[in-house]
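Note: the block below is upload25.csv and it holds CSV, C-alpha atoms.
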```csv
chain,number,residue,atom,x,y,z
N,30,GLU,CA,-1.1,11.4,-21.5
N,31,VAL,CA,-4.3,9.4,-21.7
N,32,GLN,CA,-7.3,11.6,-22.5
N,33,LEU,CA,-11.0,10.7,-23.0
N,34,VAL,CA,-13.0,13.6,-24.4
N,35,GLN,CA,-16.8,13.2,-24.4
N,36,SER,CA,-19.4,15.0,-26.5
N,37,GLY,CA,-21.4,17.8,-25.1
N,38,ALA,CA,-24.6,18.0,-23.2
N,39,GLU,CA,-27.8,16.8,-24.9
N,40,VAL,CA,-31.4,17.8,-24.5
N,41,LYS,CA,-33.8,15.4,-26.1
N,42,LYS,CA,-37.5,14.5,-26.0
N,43,PRO,CA,-38.9,11.2,-24.8
N,44,GLY,CA,-38.8,8.6,-27.6
N,45,GLU,CA,-36.0,10.3,-29.5
N,46,SER,CA,-32.7,8.5,-30.3
N,47,LEU,CA,-29.3,9.6,-29.1
N,48,LYS,CA,-25.7,8.7,-29.6
N,49,ILE,CA,-23.0,10.2,-27.4
N,50,SER,CA,-19.3,9.8,-28.0
N,51,CYS,CA,-16.0,9.4,-26.2
N,52,GLU,CA,-12.8,10.2,-28.2
N,53,ALA,CA,-9.6,8.6,-26.9
N,54,SER,CA,-6.1,9.8,-27.3
N,55,GLY,CA,-2.6,9.2,-25.8
N,56,TYR,CA,-2.7,5.4,-26.0
N,57,LYS,CA,-3.4,2.6,-28.3
N,58,PHE,CA,-7.1,2.7,-28.6
N,59,THR,CA,-7.6,-0.9,-29.8
N,60,SER,CA,-5.7,-2.4,-26.9
N,61,TYR,CA,-7.8,-1.4,-23.9
N,62,TRP,CA,-11.4,-2.0,-22.9
N,63,ILE,CA,-13.6,1.2,-22.5
N,64,GLY,CA,-16.6,1.3,-20.3
N,65,TRP,CA,-19.6,3.5,-19.7
N,66,VAL,CA,-20.8,4.5,-16.2
N,67,ARG,CA,-24.1,6.2,-15.4
N,68,GLN,CA,-24.7,8.7,-12.6
N,69,MET,CA,-28.2,9.8,-12.1
N,70,PRO,CA,-28.7,13.3,-10.5
N,71,GLY,CA,-27.5,13.2,-6.9
N,72,LYS,CA,-26.9,9.5,-7.0
N,73,GLY,CA,-24.0,7.0,-7.2
N,74,LEU,CA,-22.1,5.3,-10.0
N,75,GLU,CA,-23.6,2.5,-12.1
N,76,TRP,CA,-21.5,0.2,-14.3
N,77,MET,CA,-23.3,0.0,-17.7
N,78,GLY,CA,-21.0,-2.0,-19.9
N,79,ILE,CA,-17.7,-2.3,-21.6
N,80,ILE,CA,-16.3,-2.8,-25.1
N,81,PHE,CA,-12.9,-3.9,-26.5
N,82,PRO,CA,-12.2,-1.7,-29.5
N,83,GLY,CA,-9.9,-4.3,-31.0
N,84,ASP,CA,-12.7,-6.7,-31.9
N,85,SER,CA,-15.9,-4.9,-30.5
N,86,ASP,CA,-16.4,-7.6,-27.9
N,87,THR,CA,-19.1,-6.1,-25.7
N,88,ARG,CA,-20.3,-6.9,-22.2
N,89,TYR,CA,-23.4,-5.3,-20.6
N,90,SER,CA,-24.7,-5.1,-17.1
N,91,PRO,CA,-28.0,-7.0,-17.0
N,92,SER,CA,-29.6,-3.7,-15.8
N,93,PHE,CA,-28.7,-2.0,-19.2
N,94,GLN,CA,-28.7,-5.0,-21.6
N,95,GLY,CA,-31.2,-4.2,-24.4
N,96,ARG,CA,-31.7,-0.6,-23.3
N,97,VAL,CA,-28.4,0.9,-24.7
N,98,ASN,CA,-25.9,0.0,-27.4
N,99,ILE,CA,-22.2,0.4,-27.0
N,100,SER,CA,-20.0,0.6,-30.1
N,101,VAL,CA,-16.7,1.9,-31.4
N,102,ASP,CA,-15.2,3.4,-34.5
N,103,LYS,CA,-11.6,2.4,-34.5
N,104,SER,CA,-10.7,4.7,-37.4
N,105,ILE,CA,-11.4,7.7,-35.1
N,106,SER,CA,-10.5,6.2,-31.8
N,107,THR,CA,-14.0,6.8,-30.5
N,108,ALA,CA,-16.5,4.9,-28.4
N,109,PHE,CA,-20.2,5.5,-28.5
N,110,LEU,CA,-23.2,5.0,-26.2
N,111,GLN,CA,-26.6,4.9,-28.0
N,112,TRP,CA,-30.3,4.9,-27.2
N,113,SER,CA,-33.0,4.1,-29.7
N,114,SER,CA,-35.8,5.6,-27.6
N,115,LEU,CA,-35.0,7.8,-24.6
N,116,GLN,CA,-37.1,7.9,-21.5
N,117,ALA,CA,-37.2,10.3,-18.6
N,118,SER,CA,-35.4,7.7,-16.5
N,119,ASP,CA,-32.3,8.1,-18.8
N,120,ILE,CA,-31.6,11.6,-17.3
N,121,ALA,CA,-28.1,11.3,-16.0
N,122,THR,CA,-24.5,12.1,-16.6
N,123,TYR,CA,-22.7,9.4,-18.5
N,124,TYR,CA,-19.0,8.8,-18.2
N,125,CYS,CA,-16.7,6.8,-20.4
N,126,ALA,CA,-13.6,5.4,-18.7
N,127,ARG,CA,-10.7,3.1,-19.7
N,128,GLN,CA,-9.9,-0.2,-18.1
N,129,PRO,CA,-6.1,-0.8,-18.1
N,130,TYR,CA,-6.1,-4.5,-17.3
N,131,GLY,CA,-8.5,-6.5,-19.4
N,132,SER,CA,-12.2,-7.0,-19.2
N,133,GLY,CA,-12.2,-7.4,-15.4
N,134,SER,CA,-10.5,-4.2,-14.3
N,135,PHE,CA,-10.9,-0.9,-12.6
N,136,PHE,CA,-11.2,2.4,-14.5
N,137,ASP,CA,-8.0,4.4,-14.5
N,138,SER,CA,-8.9,7.3,-16.8
N,139,TRP,CA,-12.2,9.0,-17.1
N,140,GLY,CA,-13.9,11.3,-19.6
N,141,GLN,CA,-15.4,14.6,-18.3
N,142,GLY,CA,-19.0,13.3,-18.5
N,143,THR,CA,-21.9,14.0,-20.8
N,144,LEU,CA,-25.2,15.2,-19.3
N,145,VAL,CA,-28.3,13.8,-21.0
N,146,THR,CA,-31.6,15.6,-20.3
N,147,VAL,CA,-34.9,14.2,-21.5
N,148,SER,CA,-37.8,16.6,-21.4
N,149,PRO,CA,-41.1,16.8,-23.2
V,19,GLU,CA,-24.4,-9.4,-9.1
V,20,ILE,CA,-22.2,-8.4,-6.1
V,21,VAL,CA,-23.7,-5.7,-4.0
V,22,LEU,CA,-21.3,-3.3,-2.2
V,23,THR,CA,-22.5,-1.5,0.9
V,24,GLN,CA,-20.5,1.5,2.1
V,25,SER,CA,-20.5,3.0,5.6
V,26,PRO,CA,-21.1,5.5,6.9
V,27,GLY,CA,-23.2,7.4,4.4
V,28,THR,CA,-21.7,10.6,5.6
V,29,LEU,CA,-18.5,11.3,7.6
V,30,SER,CA,-18.2,14.7,9.3
V,31,LEU,CA,-14.6,15.5,10.2
V,32,SER,CA,-12.2,18.4,10.5
V,33,PRO,CA,-9.1,19.0,8.4
V,34,GLY,CA,-6.2,17.1,10.0
V,35,GLU,CA,-8.4,14.3,11.3
V,36,ARG,CA,-8.3,10.7,10.2
V,37,ALA,CA,-11.0,9.3,8.0
V,38,THR,CA,-11.9,5.6,7.9
V,39,LEU,CA,-14.4,4.5,5.2
V,40,SER,CA,-15.8,0.9,4.9
V,41,CYS,CA,-17.1,-1.1,2.1
V,42,ARG,CA,-18.7,-4.6,2.4
V,43,ALA,CA,-19.4,-7.0,-0.4
V,44,SER,CA,-22.4,-9.3,-0.5
V,45,GLN,CA,-20.0,-12.2,-1.4
V,46,SER,CA,-16.3,-12.7,-1.7
V,47,VAL,CA,-14.6,-10.9,-4.5
V,48,THR,CA,-12.2,-12.7,-6.8
V,49,SER,CA,-8.5,-11.9,-6.2
V,50,ASN,CA,-9.4,-8.9,-4.0
V,51,TYR,CA,-10.3,-6.9,-7.1
V,52,PHE,CA,-11.4,-3.8,-5.3
V,53,ALA,CA,-10.9,-0.1,-6.2
V,54,TRP,CA,-11.6,3.3,-4.6
V,55,TYR,CA,-12.6,6.5,-6.4
V,56,GLN,CA,-12.9,10.1,-5.3
V,57,GLN,CA,-15.5,12.4,-6.8
V,58,LYS,CA,-15.8,16.1,-6.2
V,59,PRO,CA,-18.9,18.1,-7.3
V,60,GLY,CA,-19.1,18.6,-11.0
V,61,GLN,CA,-16.1,16.4,-11.7
V,62,ALA,CA,-15.6,12.9,-13.0
V,63,PRO,CA,-14.5,10.2,-10.5
V,64,ARG,CA,-10.7,9.8,-10.0
V,65,LEU,CA,-9.0,6.5,-9.3
V,66,LEU,CA,-7.4,6.4,-5.9
V,67,ILE,CA,-6.7,2.8,-5.1
V,68,TYR,CA,-6.8,-0.5,-7.0
V,69,GLY,CA,-6.1,-4.1,-6.1
V,70,VAL,CA,-7.3,-3.2,-2.5
V,71,SER,CA,-4.1,-1.3,-1.6
V,72,SER,CA,-2.2,-0.1,-4.6
V,73,ARG,CA,-2.2,3.7,-5.0
V,74,ALA,CA,-2.9,5.1,-8.4
V,75,THR,CA,-0.4,7.4,-10.1
V,76,GLY,CA,-0.1,10.7,-8.3
V,77,ILE,CA,-2.2,9.7,-5.3
V,78,PRO,CA,-0.7,11.0,-2.0
V,79,GLU,CA,0.5,8.6,0.6
V,80,ARG,CA,-2.1,9.7,3.1
V,81,PHE,CA,-4.6,7.6,1.2
V,82,SER,CA,-4.3,3.9,1.9
V,83,GLY,CA,-6.5,0.8,1.3
V,84,SER,CA,-6.8,-2.4,3.1
V,85,GLY,CA,-9.0,-5.5,3.5
V,86,SER,CA,-9.7,-8.7,1.7
V,87,GLY,CA,-12.5,-11.0,0.7
V,88,THR,CA,-15.7,-9.1,1.5
V,89,ASP,CA,-14.5,-6.2,3.7
V,90,LEU,CA,-12.6,-3.2,2.5
V,91,THR,CA,-11.3,0.0,4.2
V,92,LEU,CA,-10.1,3.3,2.8
V,93,THR,CA,-8.1,5.4,5.3
V,94,ILE,CA,-7.1,9.0,4.9
V,95,THR,CA,-4.6,9.6,7.6
V,96,ARG,CA,-4.8,13.4,7.8
V,97,LEU,CA,-7.6,15.1,5.9
V,98,GLU,CA,-6.5,18.0,3.7
V,99,PRO,CA,-9.1,20.6,2.5
V,100,GLU,CA,-9.1,19.0,-1.0
V,101,ASP,CA,-10.1,15.6,0.4
V,102,PHE,CA,-13.6,16.5,1.2
V,103,ALA,CA,-15.5,14.7,-1.4
V,104,VAL,CA,-17.6,11.5,-2.1
V,105,TYR,CA,-15.8,8.2,-2.2
V,106,TYR,CA,-16.9,5.1,-4.0
V,107,CYS,CA,-15.7,1.5,-3.7
V,108,GLN,CA,-15.9,-0.8,-6.7
V,109,GLN,CA,-15.4,-4.5,-7.2
V,110,TYR,CA,-14.2,-5.7,-10.6
V,111,GLY,CA,-13.7,-9.3,-9.9
V,112,SER,CA,-17.1,-10.3,-11.1
V,113,SER,CA,-19.1,-8.9,-14.0
V,114,PRO,CA,-20.8,-6.4,-13.8
V,115,GLY,CA,-18.2,-4.4,-11.9
V,116,THR,CA,-20.5,-2.9,-9.3
V,117,PHE,CA,-20.0,0.3,-7.2
V,118,GLY,CA,-20.9,1.1,-3.6
V,119,GLN,CA,-23.4,3.8,-3.0
V,120,GLY,CA,-20.7,6.2,-1.8
V,121,THR,CA,-19.5,7.9,1.4
V,122,LYS,CA,-19.5,11.6,1.6
V,123,VAL,CA,-16.7,13.1,3.7
V,124,GLU,CA,-17.8,16.6,4.7
V,125,ILE,CA,-16.2,19.3,6.8
V,126,LYS,CA,-17.4,19.3,10.3
```
Show me this structure written as structure tokens.
Amino acid sequence: EVQLVQSGAEVKKPGESLKISCEASGYKFTSYWIGWVRQMPGKGLEWMGIIFPGDSDTRYSPSFQGRVNISVDKSISTAFLQWSSLQASDIATYYCARQPYGSGSFFDSWGQGTLVTVSP
Amino acid sequence: EIVLTQSPGTLSLSPGERATLSCRASQSVTSNYFAWYQQKPGQAPRLLIYGVSSRATGIPERFSGSGSGTDLTLTITRLEPEDFAVYYCQQYGSSPGTFGQGTKVEIK
């Protein structure tokens, strides 16, 4: 069974850095793209970017390019989403999800979400 | 970036009724690469339909997708109590893979 387990909720101050994680199991981690999706409070889904764990090839939405960094650690089958300086506008739930059919694909399995709160 | 517009914003229906949700793309989507997701409060989205009309594993037959090019439809033939949720369309034929803003199906 494919499982994506995300790290727990975070409360940070503006300007702080943050790295959240998504641990995959139940499939060959290096063979499937993993993406990150943002959902701001009460809002819809936003596609942030994807990474191929096999070679760390990464694609970002123009809306998120330069604002976040997506990475993986193959040795622990984990993907990461990172901010160097959080802003209040980063308050959201972030989901990781697997793409089963290459870089242009839907998401077939989702993590449970990580709530990020930014407050002075 | 392809923009997806879903309609209506909210659909008020009773259990047993038929739900028809629409999604329109700002330009034609490669190879009809469209998907539908269901999201309930406090939960992650769940894949319902991909490739316009293919049901994901475990999705009941009352859910069906249709359409092509720029217009997509999700139909729920007879609403069950567990179907009241928010539904999102997504196109994945062009990067970034954009989502619609969602349609909420609520109990009338």
Using only C-alpha atoms, what does the table of chain N residues within 6 Å of chain V look like, with each row giving the shortest atom pair and its distance in Å to one decimal, sorted by chain and ascending number, as JSON lines?
```
{"residue": "N:Gly73", "atom": "CA", "partner": "V:Gln119", "partner_atom": "CA", "distance": 5.3}
{"residue": "N:Trp76", "atom": "CA", "partner": "V:Thr116", "partner_atom": "CA", "distance": 6.0}
{"residue": "N:Ser90", "atom": "CA", "partner": "V:Pro114", "partner_atom": "CA", "distance": 5.3}
{"residue": "N:Gly133", "atom": "CA", "partner": "V:Tyr110", "partner_atom": "CA", "distance": 5.5}
{"residue": "N:Ser134", "atom": "CA", "partner": "V:Tyr110", "partner_atom": "CA", "distance": 5.4}
{"residue": "N:Asp137", "atom": "CA", "partner": "V:Leu65", "partner_atom": "CA", "distance": 5.7}
{"residue": "N:Gln141", "atom": "CA", "partner": "V:Ala62", "partner_atom": "CA", "distance": 5.6}
```
Next item on the list: Give me the residues within 6 Å of segment 78-83 of chain N as JSON, numbers by chain, counting only C-alpha atoms and dropping any in the same chain fewer than 2 places off.
Entry: {"N": [59, 62, 63, 64, 65, 85, 86, 87, 88, 89, 90]}
Next item on the list: Counting all atoms listed in the file, write as a PyMOL selection string all protein and nucleic acid residues lying at most 9 Å from (-26.5, -5.1, 0.3) in the file's frame.
Entry: chain V and resi 20-23+42-44
What would the file look like if the residues just selected were written as an mmCIF file, keeping the file's coordinate frame with C-alpha atoms?
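What landed in selection10.cif:
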```
data_model
loop_
_atom_site.group_PDB
_atom_site.id
_atom_site.type_symbol
_atom_site.label_atom_id
_atom_site.label_comp_id
_atom_site.auth_asym_id
_atom_site.auth_seq_id
_atom_site.Cartn_x
_atom_site.Cartn_y
_atom_site.Cartn_z
ATOM 1 C CA ILE V 20 -22.200 -8.400 -6.100
ATOM 2 C CA VAL V 21 -23.700 -5.700 -4.000
ATOM 3 C CA LEU V 22 -21.300 -3.300 -2.200
ATOM 4 C CA THR V 23 -22.500 -1.500 0.900
ATOM 5 C CA ARG V 42 -18.700 -4.600 2.400
ATOM 6 C CA ALA V 43 -19.400 -7.000 -0.400
ATOM 7 C CA SER V 44 -22.400 -9.300 -0.500
#
```
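Relative to atom CA of Ile120 of chain N, atom CA of Phe58 of chain N is found at 28.4 Å.
Comparing the minimum interatomic distances between Phe81 of chain V and each of V:Thr38, V:Ser30, V:Ser46, V:Gln24, counting all atoms listed in the file, we find that V:Thr38 sits nearest.
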Margin query: My list of candidates is N:Tyr56, N:Ser46, N:Val31, N:Tyr123. Which is closest to Met77 of chain N when distances are computed with all atoms listed in the file?
Written below: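 Looking at the shortest contact to Met77 of chain N, the residue is N:Tyr123.
Residues lying within 10 Å of (-36.2, 15.1, -23.3). Counted over only C-alpha atoms, they are N:Glu39, N:Val40, N:Lys41, N:Lys42, N:Pro43, N:Gly44, N:Glu45, N:Leu115, N:Gln116, N:Ala117, N:Asp119, N:Ile120, N:Val145, N:Thr146, N:Val147, N:Ser148, N:Pro149.
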Please, could you write that set of residues out with C-alpha atoms as a PDB file, in the coordinates of the input?
```
ATOM      1  CA  GLU N  39     -27.800  16.800 -24.900  1.00  0.00           C
ATOM      2  CA  VAL N  40     -31.400  17.800 -24.500  1.00  0.00           C
ATOM      3  CA  LYS N  41     -33.800  15.400 -26.100  1.00  0.00           C
ATOM      4  CA  LYS N  42     -37.500  14.500 -26.000  1.00  0.00           C
ATOM      5  CA  PRO N  43     -38.900  11.200 -24.800  1.00  0.00           C
ATOM      6  CA  GLY N  44     -38.800   8.600 -27.600  1.00  0.00           C
ATOM      7  CA  GLU N  45     -36.000  10.300 -29.500  1.00  0.00           C
ATOM      8  CA  LEU N 115     -35.000   7.800 -24.600  1.00  0.00           C
ATOM      9  CA  GLN N 116     -37.100   7.900 -21.500  1.00  0.00           C
ATOM     10  CA  ALA N 117     -37.200  10.300 -18.600  1.00  0.00           C
ATOM     11  CA  ASP N 119     -32.300   8.100 -18.800  1.00  0.00           C
ATOM     12  CA  ILE N 120     -31.600  11.600 -17.300  1.00  0.00           C
ATOM     13  CA  VAL N 145     -28.300  13.800 -21.000  1.00  0.00           C
ATOM     14  CA  THR N 146     -31.600  15.600 -20.300  1.00  0.00           C
ATOM     15  CA  VAL N 147     -34.900  14.200 -21.500  1.00  0.00           C
ATOM     16  CA  SER N 148     -37.800  16.600 -21.400  1.00  0.00           C
ATOM     17  CA  PRO N 149     -41.100  16.800 -23.200  1.00  0.00           C
TER      18      PRO N 149
END
```
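Rounded to one decimal, atom CA of Ser86 of chain V and atom CA of Val70 of chain V lie 7.3 Å from each other.
Across V:Glu100, V:Val47, V:Pro33, V:Lys122, the tightest approach to Gly85 of chain V is made by V:Val47 when counting all atoms listed in the file.
The shell of residues at most 6 Å from segment 95-109 of chain N, with all atoms listed in the file counted and near chain neighbours (fewer than 2 positions) removed, consists of N:Ile49, N:Ser50, N:Cys51, N:Glu52, N:Ala53, N:Phe58, N:Phe93, N:Gln111, N:Trp112.
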With all atoms of segment 63-69 of chain N from the file as input, state the centre and edge lengths in Å to one decimal of the axis-aligned box that has 3 Å extra on each side, as lines of an AutoDock Vina configuration file.
```
center_x = -20.9
center_y = 5.5
center_z = -17.3
size_x = 20.6
size_y = 14.6
size_z = 16.4
```
Next item on the list: Rounded to one decimal place, report the atom CA of Thr143 of chain N-atom CA of Pro129 of chain N distance in Å.
Entry: 21.8 Å
